[in-house]
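structure_24.cif follows (mmCIF, C-alpha atoms and all ligand atoms):
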data_entry
loop_
_atom_site.label_atom_id
_atom_site.label_comp_id
_atom_site.auth_asym_id
_atom_site.auth_seq_id
_atom_site.Cartn_x
_atom_site.Cartn_y
_atom_site.Cartn_z
CA MET A 1 -18.16 -16.93 -4.26
CA THR A 2 -17.31 -13.32 -5.13
CA SER A 3 -15.71 -12.98 -8.56
CA VAL A 4 -12.53 -10.93 -9.00
CA ALA A 5 -10.79 -9.30 -11.96
CA ILE A 6 -7.20 -8.13 -11.55
CA LEU A 7 -5.97 -5.51 -14.03
CA GLY A 8 -2.18 -5.48 -14.25
CA CYS A 9 -1.87 -8.96 -12.80
CA ALA A 10 1.71 -9.53 -14.05
CA GLY A 11 3.13 -6.56 -12.14
CA TYR A 12 4.32 -6.68 -8.53
CA THR A 13 1.10 -5.43 -6.93
CA GLY A 14 -1.00 -7.52 -9.34
CA GLN A 15 0.77 -10.77 -8.54
CA GLU A 16 0.61 -10.00 -4.81
CA THR A 17 -3.13 -9.31 -5.14
CA LEU A 18 -3.62 -12.62 -6.95
CA ASP A 19 -1.73 -14.36 -4.16
CA ARG A 20 -4.10 -12.91 -1.51
CA VAL A 21 -7.17 -13.73 -3.65
CA LEU A 22 -6.02 -17.36 -3.87
CA ALA A 23 -5.72 -17.48 -0.07
CA HIS A 24 -9.16 -15.89 0.40
CA PRO A 25 -12.11 -18.11 1.34
CA GLU A 26 -14.70 -15.94 -0.50
CA LEU A 27 -12.90 -14.58 -3.56
CA GLU A 28 -12.53 -16.32 -6.91
CA PRO A 29 -10.33 -14.93 -9.72
CA VAL A 30 -12.26 -14.86 -13.01
CA ALA A 31 -10.17 -12.44 -15.10
CA LEU A 32 -6.40 -11.93 -14.99
CA GLY A 33 -5.46 -8.90 -17.10
CA SER A 34 -1.96 -8.58 -18.54
CA ASN A 35 -1.04 -7.33 -21.99
CA SER A 36 2.38 -8.96 -21.86
CA LEU A 37 1.02 -12.40 -20.86
CA ALA A 38 -2.33 -12.33 -22.73
CA GLY A 39 -3.19 -15.76 -24.11
CA LYS A 40 -0.78 -17.53 -21.75
CA PRO A 41 -1.70 -19.79 -18.83
CA ALA A 42 -1.47 -18.42 -15.28
CA TRP A 43 1.66 -20.48 -14.59
CA ALA A 44 3.52 -18.35 -17.17
CA LEU A 45 3.70 -15.76 -14.38
CA ASP A 46 4.96 -18.26 -11.80
CA PRO A 47 5.19 -22.05 -12.17
CA ARG A 48 3.71 -22.44 -8.67
CA LEU A 49 0.40 -21.19 -10.09
CA GLY A 50 0.16 -24.42 -12.13
CA ALA A 51 -1.50 -26.17 -9.20
CA ALA A 52 -4.34 -23.60 -9.01
CA ASP A 53 -7.38 -23.79 -11.30
CA LEU A 54 -6.98 -20.36 -12.90
CA PRO A 55 -8.18 -18.72 -16.12
CA GLN A 56 -5.52 -17.80 -18.66
CA PHE A 57 -4.33 -14.20 -18.97
CA VAL A 58 -6.35 -11.80 -21.12
CA PRO A 59 -5.49 -8.28 -22.30
CA VAL A 60 -6.06 -5.65 -19.62
CA ALA A 61 -8.92 -4.07 -21.63
CA GLU A 62 -10.69 -7.46 -21.76
CA ALA A 63 -10.28 -7.95 -17.99
CA ALA A 64 -11.70 -4.44 -17.52
CA SER A 65 -14.95 -5.50 -19.19
CA ALA A 66 -15.22 -8.85 -17.39
CA GLU A 67 -18.30 -9.77 -15.36
CA ALA A 68 -16.79 -9.45 -11.91
CA ASP A 69 -17.98 -8.39 -8.46
CA VAL A 70 -14.61 -6.85 -7.58
CA PHE A 71 -11.93 -5.17 -9.72
CA PHE A 72 -8.41 -4.52 -8.48
CA LEU A 73 -6.64 -1.84 -10.54
CA CYS A 74 -2.94 -2.79 -10.25
CA VAL A 75 -1.91 -0.56 -13.13
CA GLY A 76 -0.42 2.91 -13.61
CA HIS A 77 -2.49 5.96 -12.71
CA ASP A 78 -3.32 6.83 -16.35
CA GLU A 79 -4.81 3.39 -17.00
CA ALA A 80 -6.64 3.45 -13.65
CA ALA A 81 -8.06 6.92 -14.39
CA ALA A 82 -9.42 5.64 -17.71
CA PHE A 83 -11.22 2.66 -16.12
CA GLU A 84 -15.03 2.97 -16.13
CA PRO A 85 -16.35 1.33 -12.93
CA PRO A 86 -19.25 -1.04 -13.67
CA ALA A 87 -22.47 -0.01 -11.92
CA ASP A 88 -22.54 -2.50 -9.05
CA SER A 89 -18.96 -3.70 -8.68
CA VAL A 90 -16.49 -2.91 -5.93
CA VAL A 91 -13.36 -1.30 -7.39
CA VAL A 92 -10.10 -0.90 -5.47
CA ASP A 93 -7.58 1.31 -7.23
CA LEU A 94 -4.00 0.64 -6.11
CA SER A 95 -2.68 3.52 -8.23
CA GLY A 96 -2.69 7.19 -7.24
CA ALA A 97 -5.38 8.18 -9.75
CA HIS A 98 -8.28 8.59 -7.32
CA ARG A 99 -6.55 9.53 -4.06
CA LEU A 100 -6.43 13.33 -4.17
CA ARG A 101 -9.67 15.18 -3.47
CA ASP A 102 -8.58 18.65 -4.63
CA ALA A 103 -8.74 18.70 -8.44
CA ALA A 104 -6.01 21.35 -8.76
CA VAL A 105 -3.67 19.32 -6.51
CA ALA A 106 -4.42 16.12 -8.47
CA GLU A 107 -3.78 17.95 -11.74
CA ALA A 108 -0.50 19.37 -10.42
CA TRP A 109 0.87 16.01 -9.22
CA TYR A 110 -0.68 13.55 -11.69
CA GLY A 111 -1.52 15.73 -14.69
CA ALA A 112 -5.18 14.70 -14.45
CA ALA A 113 -8.06 14.90 -12.00
CA PRO A 114 -10.34 11.90 -12.65
CA GLY A 115 -12.13 12.41 -9.31
CA ALA A 116 -11.40 11.18 -5.80
CA TRP A 117 -12.75 7.91 -4.44
CA SER A 118 -13.11 6.96 -0.78
CA TYR A 119 -9.61 6.90 0.74
CA GLY A 120 -9.20 3.48 2.34
CA LEU A 121 -6.69 3.11 5.15
CA PRO A 122 -9.02 1.03 7.32
CA GLU A 123 -7.39 1.54 10.74
CA VAL A 124 -7.39 5.35 10.42
CA TYR A 125 -9.62 6.36 7.49
CA ARG A 126 -12.34 3.76 7.03
CA PRO A 127 -13.40 3.44 3.37
CA GLU A 128 -17.02 3.99 2.42
CA GLY A 129 -18.92 2.79 -0.60
CA ARG A 130 -17.78 0.59 -3.46
CA LEU A 131 -15.09 2.76 -5.08
CA VAL A 132 -11.94 2.80 -2.97
CA ALA A 133 -8.63 4.57 -3.50
CA ASN A 134 -5.93 2.44 -1.90
CA PRO A 135 -3.28 4.67 -0.28
CA GLY A 136 0.32 4.84 -1.48
CA CYS A 137 2.89 2.69 0.31
CA TYR A 138 4.80 5.59 1.88
CA ALA A 139 1.54 7.37 2.68
CA THR A 140 0.25 4.26 4.46
CA ALA A 141 3.33 4.10 6.71
CA ALA A 142 3.38 7.84 7.42
CA LEU A 143 -0.36 7.96 8.14
CA LEU A 144 -0.33 4.88 10.38
CA ALA A 145 2.37 6.69 12.38
CA LEU A 146 0.87 10.18 12.29
CA GLY A 147 -2.87 9.92 11.51
CA PRO A 148 -3.98 9.29 15.13
CA ILE A 149 -1.70 12.06 16.50
CA ALA A 150 -2.08 14.71 13.77
CA ASP A 151 -3.66 17.25 16.13
CA LEU A 152 -0.89 16.81 18.74
CA ALA A 153 2.01 17.94 16.51
CA ASP A 154 3.01 21.47 15.48
CA ASP A 155 5.16 20.26 12.63
CA VAL A 156 5.97 16.95 11.03
CA LEU A 157 8.91 15.59 9.03
CA VAL A 158 8.89 12.17 7.38
CA ASP A 159 12.07 10.34 6.42
CA ALA A 160 11.23 7.07 4.67
CA LYS A 161 13.04 4.21 2.95
CA SER A 162 11.65 1.54 0.67
CA GLY A 163 12.84 -1.62 -1.02
CA VAL A 164 13.25 -1.62 -4.79
CA SER A 165 9.98 -3.43 -5.58
CA GLY A 166 8.35 -0.08 -4.78
CA ALA A 167 9.56 1.07 -8.18
CA GLY A 168 7.62 -1.65 -10.05
CA LYS A 169 8.73 -4.62 -12.16
CA ALA A 170 9.77 -2.83 -15.33
CA LEU A 171 13.54 -2.35 -15.60
CA LYS A 172 14.75 1.21 -15.11
CA ALA A 173 18.31 2.52 -14.92
CA THR A 174 17.67 3.73 -11.36
CA SER A 175 16.37 0.38 -10.12
CA HIS A 176 18.67 -2.21 -11.68
CA ALA A 177 21.10 -4.09 -9.46
CA GLY A 178 24.13 -1.98 -10.38
CA ALA A 179 22.41 1.17 -9.18
CA VAL A 180 20.74 -0.29 -6.10
CA LEU A 181 22.97 -2.91 -4.46
CA GLU A 182 25.25 -1.62 -1.69
CA ASN A 183 23.76 1.82 -2.17
CA LEU A 184 21.21 4.10 -0.49
CA THR A 185 19.67 6.80 -2.65
CA PRO A 186 17.33 9.64 -1.76
CA TYR A 187 14.99 10.38 -4.67
CA ALA A 188 12.15 12.78 -5.52
CA VAL A 189 13.48 14.82 -2.59
CA GLY A 190 10.82 17.27 -1.48
CA ALA A 191 8.74 16.44 -4.55
CA HIS A 192 7.23 12.96 -4.15
CA ARG A 193 3.59 12.29 -5.04
CA HIS A 194 2.85 10.81 -1.65
CA ALA A 195 3.53 14.18 0.08
CA PRO A 196 0.24 15.80 -1.03
CA GLU A 197 -1.58 12.58 -0.13
CA ILE A 198 -0.17 12.58 3.41
CA ALA A 199 -0.93 16.32 3.70
CA GLN A 200 -4.52 15.80 2.52
CA GLN A 201 -5.19 13.24 5.23
CA LEU A 202 -3.38 15.06 8.06
CA GLY A 203 -4.76 18.48 7.13
CA PHE A 204 -1.35 20.18 6.88
CA ALA A 205 1.77 20.04 4.71
CA VAL A 206 4.62 17.68 5.60
CA CYS A 207 8.29 17.62 4.68
CA PHE A 208 8.84 14.16 3.16
CA VAL A 209 12.03 12.55 1.84
CA PRO A 210 11.97 9.01 0.40
CA HIS A 211 15.05 6.80 -0.10
CA LEU A 212 15.67 3.64 -2.10
CA LEU A 213 17.00 0.74 -0.02
CA PRO A 214 19.01 -2.16 -1.47
CA VAL A 215 16.41 -4.76 -0.44
CA ARG A 216 13.59 -6.31 -2.46
CA ARG A 217 10.69 -5.34 -0.24
CA GLY A 218 9.81 -3.50 2.96
CA LEU A 219 9.45 0.13 3.94
CA LEU A 220 10.32 2.08 7.07
CA ALA A 221 9.02 5.58 7.80
CA THR A 222 10.64 7.59 10.59
CA CYS A 223 8.34 10.49 11.46
CA TYR A 224 9.35 13.42 13.63
CA ALA A 225 6.25 14.85 15.32
CA VAL A 226 7.54 18.14 16.68
CA GLY A 227 5.51 19.48 19.59
CA ALA A 228 3.73 16.21 20.42
CA SER A 229 4.42 14.47 23.73
CA ALA A 230 5.66 10.88 23.38
CA ALA A 231 3.37 9.68 26.18
CA ASP A 232 0.28 11.23 24.54
CA ALA A 233 1.31 9.85 21.16
CA ARG A 234 1.72 6.33 22.56
CA GLU A 235 -1.69 6.52 24.24
CA ARG A 236 -3.35 7.60 20.99
CA LEU A 237 -1.63 4.89 18.96
CA VAL A 238 -2.50 2.17 21.48
CA ASP A 239 -6.12 3.40 21.38
CA ALA A 240 -6.12 3.35 17.58
CA TYR A 241 -4.44 -0.06 17.07
CA GLY A 242 -4.94 -1.93 20.34
CA ASP A 243 -7.60 -4.20 18.77
CA SER A 244 -6.06 -4.41 15.32
CA HIS A 245 -4.86 -7.71 13.85
CA VAL A 246 -2.90 -5.78 11.22
CA VAL A 247 -1.05 -2.98 13.05
CA ARG A 248 1.07 -3.75 16.12
CA VAL A 249 2.19 -1.03 18.53
CA LEU A 250 5.56 -2.24 19.82
CA PRO A 251 6.50 -2.18 23.50
CA ASP A 252 8.45 0.82 24.78
CA GLY A 253 12.05 0.77 23.53
CA VAL A 254 11.46 -1.75 20.72
CA ALA A 255 12.05 -0.45 17.18
CA PRO A 256 10.22 -1.68 14.06
CA GLU A 257 12.17 -3.89 11.67
CA LEU A 258 11.68 -4.76 8.03
CA ALA A 259 12.44 -8.44 8.65
CA ARG A 260 9.31 -8.88 10.77
CA VAL A 261 6.94 -7.37 8.20
CA GLN A 262 8.50 -8.38 4.88
CA GLY A 263 6.18 -10.67 2.92
CA THR A 264 3.26 -9.84 5.23
CA ASP A 265 0.27 -7.49 5.30
CA ALA A 266 1.03 -6.39 8.86
CA ALA A 267 2.62 -3.15 10.08
CA GLU A 268 4.60 -2.24 13.18
CA VAL A 269 4.47 1.14 14.90
CA ALA A 270 6.75 2.39 17.70
CA VAL A 271 7.10 5.63 19.64
CA PHE A 272 10.34 7.11 20.99
CA GLU A 273 11.34 10.39 22.60
CA ASP A 274 14.59 12.04 21.52
CA ARG A 275 16.62 12.49 24.69
CA ALA A 276 18.33 15.72 23.56
CA THR A 277 15.37 17.66 22.16
CA GLY A 278 12.30 15.89 23.51
CA THR A 279 11.07 15.42 19.94
CA THR A 280 8.59 12.57 19.52
CA ILE A 281 9.62 10.04 16.90
CA VAL A 282 7.01 7.65 15.54
CA MET A 283 8.20 4.85 13.28
CA CYS A 284 6.25 2.51 11.06
CA ALA A 285 7.51 -0.53 9.18
CA LEU A 286 5.47 -2.40 6.60
CA ASP A 287 5.87 -4.29 3.35
CA ASN A 288 5.31 -1.91 0.44
CA LEU A 289 3.61 -4.71 -1.51
CA GLY A 290 1.63 -5.97 1.53
CA LYS A 291 0.06 -3.38 3.84
CA GLY A 292 1.45 -0.79 1.39
CA ALA A 293 -0.46 -2.22 -1.58
CA ALA A 294 -2.12 -5.65 -2.08
CA GLY A 295 -2.85 -6.50 1.57
CA GLN A 296 -4.52 -3.16 2.13
CA GLY A 297 -6.36 -3.57 -1.19
CA ILE A 298 -7.84 -6.87 -0.01
CA GLN A 299 -8.68 -5.32 3.39
CA ASN A 300 -10.53 -2.51 1.61
CA ALA A 301 -12.37 -4.96 -0.67
CA ASN A 302 -13.36 -7.04 2.37
CA LEU A 303 -14.85 -3.95 4.03
CA ALA A 304 -16.69 -2.88 0.87
CA LEU A 305 -18.12 -6.41 0.51
CA GLY A 306 -19.04 -6.77 4.19
CA LEU A 307 -16.60 -9.67 4.66
CA ASP A 308 -14.22 -10.37 7.53
CA GLU A 309 -11.72 -7.51 7.28
CA THR A 310 -8.63 -9.72 7.46
CA ALA A 311 -9.81 -12.61 5.24
CA GLY A 312 -7.09 -13.58 2.78
CA LEU A 313 -4.40 -11.48 4.49
CA ARG A 314 -0.94 -12.76 5.36
CA LEU A 315 -0.38 -11.48 8.85
CA GLN A 316 2.47 -13.63 10.15
CA GLY A 317 6.01 -13.52 8.85
CA VAL A 318 8.73 -16.06 9.60
CA LEU A 319 11.27 -15.85 12.39
CA VAL A 320 14.87 -15.34 11.34
N1 LIG A 401 5.21 -1.38 -6.19
C1 LIG A 401 4.70 -0.90 -5.06
O1 LIG A 401 5.28 -1.05 -3.97
C2 LIG A 401 3.37 -0.16 -5.07
C3 LIG A 401 2.76 0.10 -3.84
C4 LIG A 401 1.53 0.78 -3.85
C5 LIG A 401 0.95 1.16 -5.03
N2 LIG A 401 1.58 0.89 -6.22
C6 LIG A 401 0.89 1.30 -7.46
O2 LIG A 401 0.33 0.14 -8.05
C7 LIG A 401 0.32 0.28 -9.48
C8 LIG A 401 1.07 -0.90 -10.09
O3 LIG A 401 2.40 -0.88 -9.56
P1 LIG A 401 3.38 -2.13 -9.70
O4 LIG A 401 4.52 -1.86 -8.81
O5 LIG A 401 2.61 -3.40 -9.56
O6 LIG A 401 3.86 -1.94 -11.21
P2 LIG A 401 4.67 -2.95 -12.14
O7 LIG A 401 5.27 -4.04 -11.32
O8 LIG A 401 5.58 -2.11 -12.94
O9 LIG A 401 3.53 -3.56 -13.04
C9 LIG A 401 2.68 -2.76 -13.80
C10 LIG A 401 2.51 -3.37 -15.17
O10 LIG A 401 3.71 -3.20 -15.91
C11 LIG A 401 3.82 -4.25 -16.88
N3 LIG A 401 5.18 -4.77 -16.82
C12 LIG A 401 6.23 -4.02 -17.07
N4 LIG A 401 7.36 -4.74 -16.98
C13 LIG A 401 7.04 -5.97 -16.62
C14 LIG A 401 7.78 -7.16 -16.37
N5 LIG A 401 9.11 -7.21 -16.46
N6 LIG A 401 7.11 -8.25 -16.01
C15 LIG A 401 5.76 -8.20 -15.89
N7 LIG A 401 5.03 -7.10 -16.11
C16 LIG A 401 5.65 -5.99 -16.49
C17 LIG A 401 2.73 -5.22 -16.58
O11 LIG A 401 1.68 -4.96 -17.49
P3 LIG A 401 1.37 -5.88 -18.77
O12 LIG A 401 1.59 -7.31 -18.37
O13 LIG A 401 -0.05 -5.56 -19.07
O14 LIG A 401 2.34 -5.43 -19.82
C18 LIG A 401 2.29 -4.85 -15.18
O15 LIG A 401 0.95 -5.10 -14.93
C19 LIG A 401 1.00 1.63 -9.79
O16 LIG A 401 0.01 2.60 -10.00
C20 LIG A 401 1.79 1.93 -8.53
O17 LIG A 401 1.96 3.30 -8.31
C21 LIG A 401 2.77 0.22 -6.27
#
Starting from the file, give its structure as structure tokens.
Amino acid sequence: MTSVAILGCAGYTGQETLDRVLAHPELEPVALGSNSLAGKPAWALDPRLGAADLPQFVPVAEAASAEADVFFLCVGHDEAAAFEPPADSVVVDLSGAHRLRDAAVAEAWYGAAPGAWSYGLPEVYRPEGRLVANPGCYATAALLALGPIADLADDVLVDAKSGVSGAGKALKATSHAGAVLENLTPYAVGAHRHAPEIAQQLGFAVCFVPHLLPVRRGLLATCYAVGASAADARERLVDAYGDSHVVRVLPDGVAPELARVQGTDAAEVAVFEDRATGTTIVMCALDNLGKGAAGQGIQNANLALGLDETAGLRLQGVLV
């Protein structure tokens, strides 16, 4: 078995990563790092974990020095930047610390430039080596929609909406129920950290506006690819994802929906043409904690370890 340490295991992406590790035939959790739960049994996070044979939580620093084949960094970018990768381990960083290749851009958006790792969005940008930067949730959706057609568009605008788990587990005034329920809020308008990440991968700047949706999980990106033909875009996307078990290109006229991807590691992509202007619209729906975080993290670890790419992933949702 391949041993796994999860740093930040009590947070949303950490608990989702643990869930995928428990469903994985080759991975075995050996260190669960959480400062808030250190010294407590795994079921302190969720009573359903009582049935699994799991180690108790340890402080994040202790998990960081565990003997493990794979480390998942499910922590903030400062903590991830400070992590020293052990010589032979695979490390998947779910934070933004190692995504941006240009040091000045990283410094401007994150206040630090700890160095870029291989950017791992397997269907479009295959990771290489053992240090992998897992893409941001919005960036994953935008790049699944736009990555294969980047050279077809003259200009791109991304309008995206995410459920509140995208903001993390800690309570903030902007993410408590009173602020979120029955509301829809744009935030970080024109100034979100995923914009430079999308631009880096596409090779040109994008106009990106995120919104907070009053749902727990799920993310929808509506991307306007000005100048691209819808037929060419569809052909490219079918070429890119036709064999994928993770990304589905929907039939003509069918729009992506959160309900079909929530709680899963799958993504849906659809192409439309605006009747009035001819603008090509590419949409992508995914779960911000699934394909947008933990699911993609496991996919990247599988590739780095030479395992079946989809082992441990949750690819089917439930019908409603
Ligand atoms: N949320 C997403 O959709 C998403 C998607 C992609 C990437 N990411 C990135 O992944 C990293 C982790 O994000 P996250 O959303 O998992 O953050 P989170 O839920 O806020 O968890 C991060 C850490 O905060 C602590 N914490 C704060 N309040 C807590 C509470 N009430 N209950 C339990 N733990 C609490 C925990 O650390 P201790 O137990 O050690 O105190 C936890 O490990 C970030 O760098 C983020 O940018 C997030």
Shortest interatomic distance to Arg20 in chain A - which of A:Val60, A:Val4, A:Ala145, A:Asn35, counting only C-alpha atoms: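 That would be A:Val4, the residue with the smallest distance to Arg20 in chain A.
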Once you count all atoms listed in the file, what closest atom pair and distance in Å to one decimal does each residue of chain A within 8 Å of ligand LIG 401 (chain A) have, with rows by chain and rising residue number, as JSON lines?
{"residue": "A:Leu7", "atom": "CA", "partner": "A:LIG401", "partner_atom": "O15", "distance": 7.0}
{"residue": "A:Gly8", "atom": "CA", "partner": "A:LIG401", "partner_atom": "O15", "distance": 3.2}
{"residue": "A:Cys9", "atom": "CA", "partner": "A:LIG401", "partner_atom": "O15", "distance": 5.2}
{"residue": "A:Ala10", "atom": "CA", "partner": "A:LIG401", "partner_atom": "O15", "distance": 4.6}
{"residue": "A:Gly11", "atom": "CA", "partner": "A:LIG401", "partner_atom": "O9", "distance": 3.2}
{"residue": "A:Tyr12", "atom": "CA", "partner": "A:LIG401", "partner_atom": "O5", "distance": 3.8}
{"residue": "A:Thr13", "atom": "CA", "partner": "A:LIG401", "partner_atom": "O5", "distance": 3.6}
{"residue": "A:Gly14", "atom": "CA", "partner": "A:LIG401", "partner_atom": "O5", "distance": 5.5}
{"residue": "A:Gln15", "atom": "CA", "partner": "A:LIG401", "partner_atom": "O5", "distance": 7.7}
{"residue": "A:Gly33", "atom": "CA", "partner": "A:LIG401", "partner_atom": "O13", "distance": 6.7}
{"residue": "A:Ser34", "atom": "CA", "partner": "A:LIG401", "partner_atom": "O13", "distance": 3.6}
{"residue": "A:Asn35", "atom": "CA", "partner": "A:LIG401", "partner_atom": "O13", "distance": 3.6}
{"residue": "A:Ser36", "atom": "CA", "partner": "A:LIG401", "partner_atom": "O12", "distance": 3.9}
{"residue": "A:Leu37", "atom": "CA", "partner": "A:LIG401", "partner_atom": "O12", "distance": 5.7}
{"residue": "A:Ala38", "atom": "CA", "partner": "A:LIG401", "partner_atom": "O12", "distance": 7.7}
{"residue": "A:Leu45", "atom": "CA", "partner": "A:LIG401", "partner_atom": "C15", "distance": 8.0}
{"residue": "A:Pro59", "atom": "CA", "partner": "A:LIG401", "partner_atom": "O13", "distance": 6.9}
{"residue": "A:Val60", "atom": "CA", "partner": "A:LIG401", "partner_atom": "O13", "distance": 6.0}
{"residue": "A:Leu73", "atom": "CA", "partner": "A:LIG401", "partner_atom": "C7", "distance": 7.4}
{"residue": "A:Cys74", "atom": "CA", "partner": "A:LIG401", "partner_atom": "C8", "distance": 4.4}
{"residue": "A:Val75", "atom": "CA", "partner": "A:LIG401", "partner_atom": "C8", "distance": 4.3}
{"residue": "A:Gly76", "atom": "CA", "partner": "A:LIG401", "partner_atom": "O16", "distance": 3.6}
{"residue": "A:His77", "atom": "CA", "partner": "A:LIG401", "partner_atom": "O16", "distance": 5.0}
{"residue": "A:Ala80", "atom": "CA", "partner": "A:LIG401", "partner_atom": "O16", "distance": 7.6}
{"residue": "A:Leu94", "atom": "CA", "partner": "A:LIG401", "partner_atom": "O2", "distance": 4.8}
{"residue": "A:Ser95", "atom": "CA", "partner": "A:LIG401", "partner_atom": "O16", "distance": 3.3}
{"residue": "A:Gly96", "atom": "CA", "partner": "A:LIG401", "partner_atom": "O16", "distance": 6.0}
{"residue": "A:Ala97", "atom": "CA", "partner": "A:LIG401", "partner_atom": "O16", "distance": 7.8}
{"residue": "A:Asn134", "atom": "CA", "partner": "A:LIG401", "partner_atom": "C5", "distance": 7.7}
{"residue": "A:Pro135", "atom": "CA", "partner": "A:LIG401", "partner_atom": "C4", "distance": 7.1}
{"residue": "A:Gly136", "atom": "CA", "partner": "A:LIG401", "partner_atom": "C4", "distance": 4.9}
{"residue": "A:Cys137", "atom": "CA", "partner": "A:LIG401", "partner_atom": "C4", "distance": 4.8}
{"residue": "A:Ser165", "atom": "CA", "partner": "A:LIG401", "partner_atom": "N1", "distance": 5.2}
{"residue": "A:Gly166", "atom": "CA", "partner": "A:LIG401", "partner_atom": "O1", "distance": 3.3}
{"residue": "A:Ala167", "atom": "CA", "partner": "A:LIG401", "partner_atom": "N1", "distance": 5.4}
{"residue": "A:Gly168", "atom": "CA", "partner": "A:LIG401", "partner_atom": "O4", "distance": 3.3}
{"residue": "A:Lys169", "atom": "CA", "partner": "A:LIG401", "partner_atom": "O7", "distance": 3.6}
{"residue": "A:Ala170", "atom": "CA", "partner": "A:LIG401", "partner_atom": "N4", "distance": 3.5}
{"residue": "A:Leu171", "atom": "CA", "partner": "A:LIG401", "partner_atom": "N5", "distance": 6.6}
{"residue": "A:Arg217", "atom": "CA", "partner": "A:LIG401", "partner_atom": "O1", "distance": 7.8}
{"residue": "A:Asn288", "atom": "CA", "partner": "A:LIG401", "partner_atom": "O1", "distance": 4.5}
{"residue": "A:Leu289", "atom": "CA", "partner": "A:LIG401", "partner_atom": "O1", "distance": 4.7}
{"residue": "A:Gly292", "atom": "CA", "partner": "A:LIG401", "partner_atom": "C3", "distance": 5.5}
{"residue": "A:Ala293", "atom": "CA", "partner": "A:LIG401", "partner_atom": "C4", "distance": 4.3}
{"residue": "A:Ala294", "atom": "CA", "partner": "A:LIG401", "partner_atom": "C4", "distance": 7.6}
message: Rounded to one decimal, what separation in Å do you get between CA of His192 in chain A and CA of Gly218 in chain A?
response: 18.1 Å
field: Residue contacts of Thr277 in chain A (12 Å, all atoms listed in the file) excluding same-chain residues fewer than 2 positions away, as a PyMOL selection string
entry: chain A and resi 224-230+272-275+279-281
How would the residues just picked look written out with C-alpha atoms as a JSON list (two decimals), in the frame of the given file?
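Resulting contents of result26.json:
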[["chain", "number", "residue", "atom", "x", "y", "z"],
["A", 224, "TYR", "CA", 9.35, 13.42, 13.63],
["A", 225, "ALA", "CA", 6.25, 14.85, 15.32],
["A", 226, "VAL", "CA", 7.54, 18.14, 16.68],
["A", 227, "GLY", "CA", 5.51, 19.48, 19.59],
["A", 228, "ALA", "CA", 3.73, 16.21, 20.42],
["A", 229, "SER", "CA", 4.42, 14.47, 23.73],
["A", 230, "ALA", "CA", 5.66, 10.88, 23.38],
["A", 272, "PHE", "CA", 10.34, 7.11, 20.99],
["A", 273, "GLU", "CA", 11.34, 10.39, 22.60],
["A", 274, "ASP", "CA", 14.59, 12.04, 21.52],
["A", 275, "ARG", "CA", 16.62, 12.49, 24.69],
["A", 279, "THR", "CA", 11.07, 15.42, 19.94],
["A", 280, "THR", "CA", 8.59, 12.57, 19.52],
["A", 281, "ILE", "CA", 9.62, 10.04, 16.90]]
task: Pick out the residues sitting within 10 Å of Arg193 in chain A, and hand them over as number ranges by chain; count only C-alpha atoms, and ignore anything fewer than 5 positions along from it in its own chain.
output: A: 96, 106, 108-110, 136, 138-139, 188, 198, 208
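In this comparison, which uses all atoms listed in the file, the residue of A:Tyr119, A:Ala266, A:Ala42, A:Ile6 approaching Ala64 in chain A most closely is A:Ile6.
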With only C-alpha atoms counted and 9 Å as the cut-off, give the residues of range 107-226 of chain A in contact with range 236-257 of chain A, each with its shortest interatomic distance in Å and the pair that gives it, as a Markdown table.
| residue | atom | partner | partner_atom | distance |
| --- | --- | --- | --- | --- |
| A:Glu123 | CA | A:Tyr241 | CA | 7.2 |
| A:Val124 | CA | A:Ala240 | CA | 7.5 |
| A:Leu144 | CA | A:Val247 | CA | 8.3 |
| A:Ala145 | CA | A:Leu237 | CA | 7.9 |
| A:Leu146 | CA | A:Leu237 | CA | 8.9 |
| A:Pro148 | CA | A:Arg236 | CA | 6.1 |
| A:Ile149 | CA | A:Arg236 | CA | 6.5 |
| A:Leu220 | CA | A:Glu257 | CA | 7.8 |
Would you save the residues of that selection, restricted to C-alpha atoms, as a PDB file, in the coordinates of the input?
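Contents of the output file selection.pdb:
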ATOM      1  CA  GLU A 123      -7.390   1.540  10.740  1.00  0.00           C
ATOM      2  CA  VAL A 124      -7.390   5.350  10.420  1.00  0.00           C
ATOM      3  CA  LEU A 144      -0.330   4.880  10.380  1.00  0.00           C
ATOM      4  CA  ALA A 145       2.370   6.690  12.380  1.00  0.00           C
ATOM      5  CA  LEU A 146       0.870  10.180  12.290  1.00  0.00           C
ATOM      6  CA  PRO A 148      -3.980   9.290  15.130  1.00  0.00           C
ATOM      7  CA  ILE A 149      -1.700  12.060  16.500  1.00  0.00           C
ATOM      8  CA  LEU A 220      10.320   2.080   7.070  1.00  0.00           C
TER       9      LEU A 220
END
task: With a distance cut-off of 7 Å and all atoms listed in the file, select the neighbouring residues of range 312-318 of chain A, excluding the residue or stretch itself and same-chain residues fewer than 4 positions from it, and output the selection as a PyMOL selection string.
output: chain A and resi 20-21+23-25+246+260-266+295
- line: With distances taken over all atoms listed in the file, the candidate from A:Leu27, A:Asp159, A:Cys207, A:Leu152 nearest Glu235 in chain A is A:Leu152
query: Quick one: of A:Asp232, A:Glu62, A:Asp93, A:Glu268, who's nearest to Asn300 in chain A, counting all atoms listed in the file?
result: A:Asp93
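Within 7 Å of Val209 in chain A, once only C-alpha atoms are used and residues closer than 3 positions along the same chain are dropped, the contacting residues are Val158, Asp159, Ala160, Val189 and Gly190 of chain A.
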